[in-house]
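Working notes for the structure below.
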Amino acid sequence: MFSYDSWGGCNGDSAVVEEAVAVSEDTAAAMKAACPSCSHFYEVTLDKNQVCSWINIEENDYRGLSLGDGWAFVYRFTEDNGEFSAELLDSTATYDGWTVNFDSTFDYWGVEVQVVGAYTFPEAAAE
């Protein structure tokens with residue numbers, strides 16, 4: 001869910017569903033170079049390209065996860081000419097063996113937008 005307090009808050013649909021597919025071994029190796037602590041790499045497709053009636057978001061994106069006993073780090077990757085760079089989205093996420101719960105913020109045209117979400121695995125991910 002996306003939310004913000006400025007200008008009366010988020011008007012419009014704020015929920016986004018991400019469908020994730022594990023990346024190929026070659027892509028995972030390139031992403032691992034950008035995030036050595038990551039153990040899981042995904043290409044995600046979002047079900048919309050705009051939230052709150054005006055905030056544009058990427059419909060296709062990359063995520064990386066570093067999973068531990070009760071904790072997780074969530075990363076977003078950007079790609080430029082085959083080179084990946086990683087941005088830490090949440091270093092305080094929780095992981096219970098099935099679900100990663102995360103919370104992050106970003107600046108969008110001077111508005112601090114909060115994102116709260118969960119990644120649920122269809123089967124427990126190996127740590």
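Ordered as shown in the structure tokens, chains take letters A, B, and onward, while each chain numbers its residues from 1 and ligands are numbered from 1 in the order shown.
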
Out of chain A, which residues get alpha helix (DSSP H) from DSSP, as a tab-separated table (two decimals) with C-alpha atoms, in the first residue's frame?
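Wrote it out as result_1.tsv, contents follow:
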chain	number	residue	atom	x	y	z
A	25	GLU	CA	21.23	-17.64	-13.62
A	26	ASP	CA	23.16	-15.11	-15.75
A	27	THR	CA	21.00	-12.21	-14.56
A	28	ALA	CA	21.22	-13.45	-10.95
A	29	ALA	CA	25.03	-13.48	-11.22
A	30	ALA	CA	25.05	-9.88	-12.47
A	31	MET	CA	22.66	-8.84	-9.69
A	32	LYS	CA	24.74	-10.71	-7.09
A	33	ALA	CA	27.74	-8.60	-8.10
A	34	ALA	CA	25.70	-5.50	-7.16

Discussion item. Would you pick out the contacts of region 93-105 of chain A at 9 Å or less, using only C-alpha atoms, so that residues sharing its chain but fewer than 3 positions from it are not included, and give the list as a PyMOL selection string?
Written reply: chain A and resi 67-74+89-90+112-127

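Distances from A:Leu46, A:Tyr75, A:Ser6, A:Ser37 to Glu19 (chain A) were compared using only C-alpha atoms, and the smallest one belongs to A:Leu46.
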
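Taking CA of Trp7 (chain A) as the reference point, CA of Ile57 (chain A) is found at 19.3 Å.
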
Worksheet entry | Residue nearest Ala86 (chain A) - candidates A:Phe106, A:Tyr42, A:Trp54, A:Tyr62, atoms counted: only C-alpha atoms | A:Tyr62
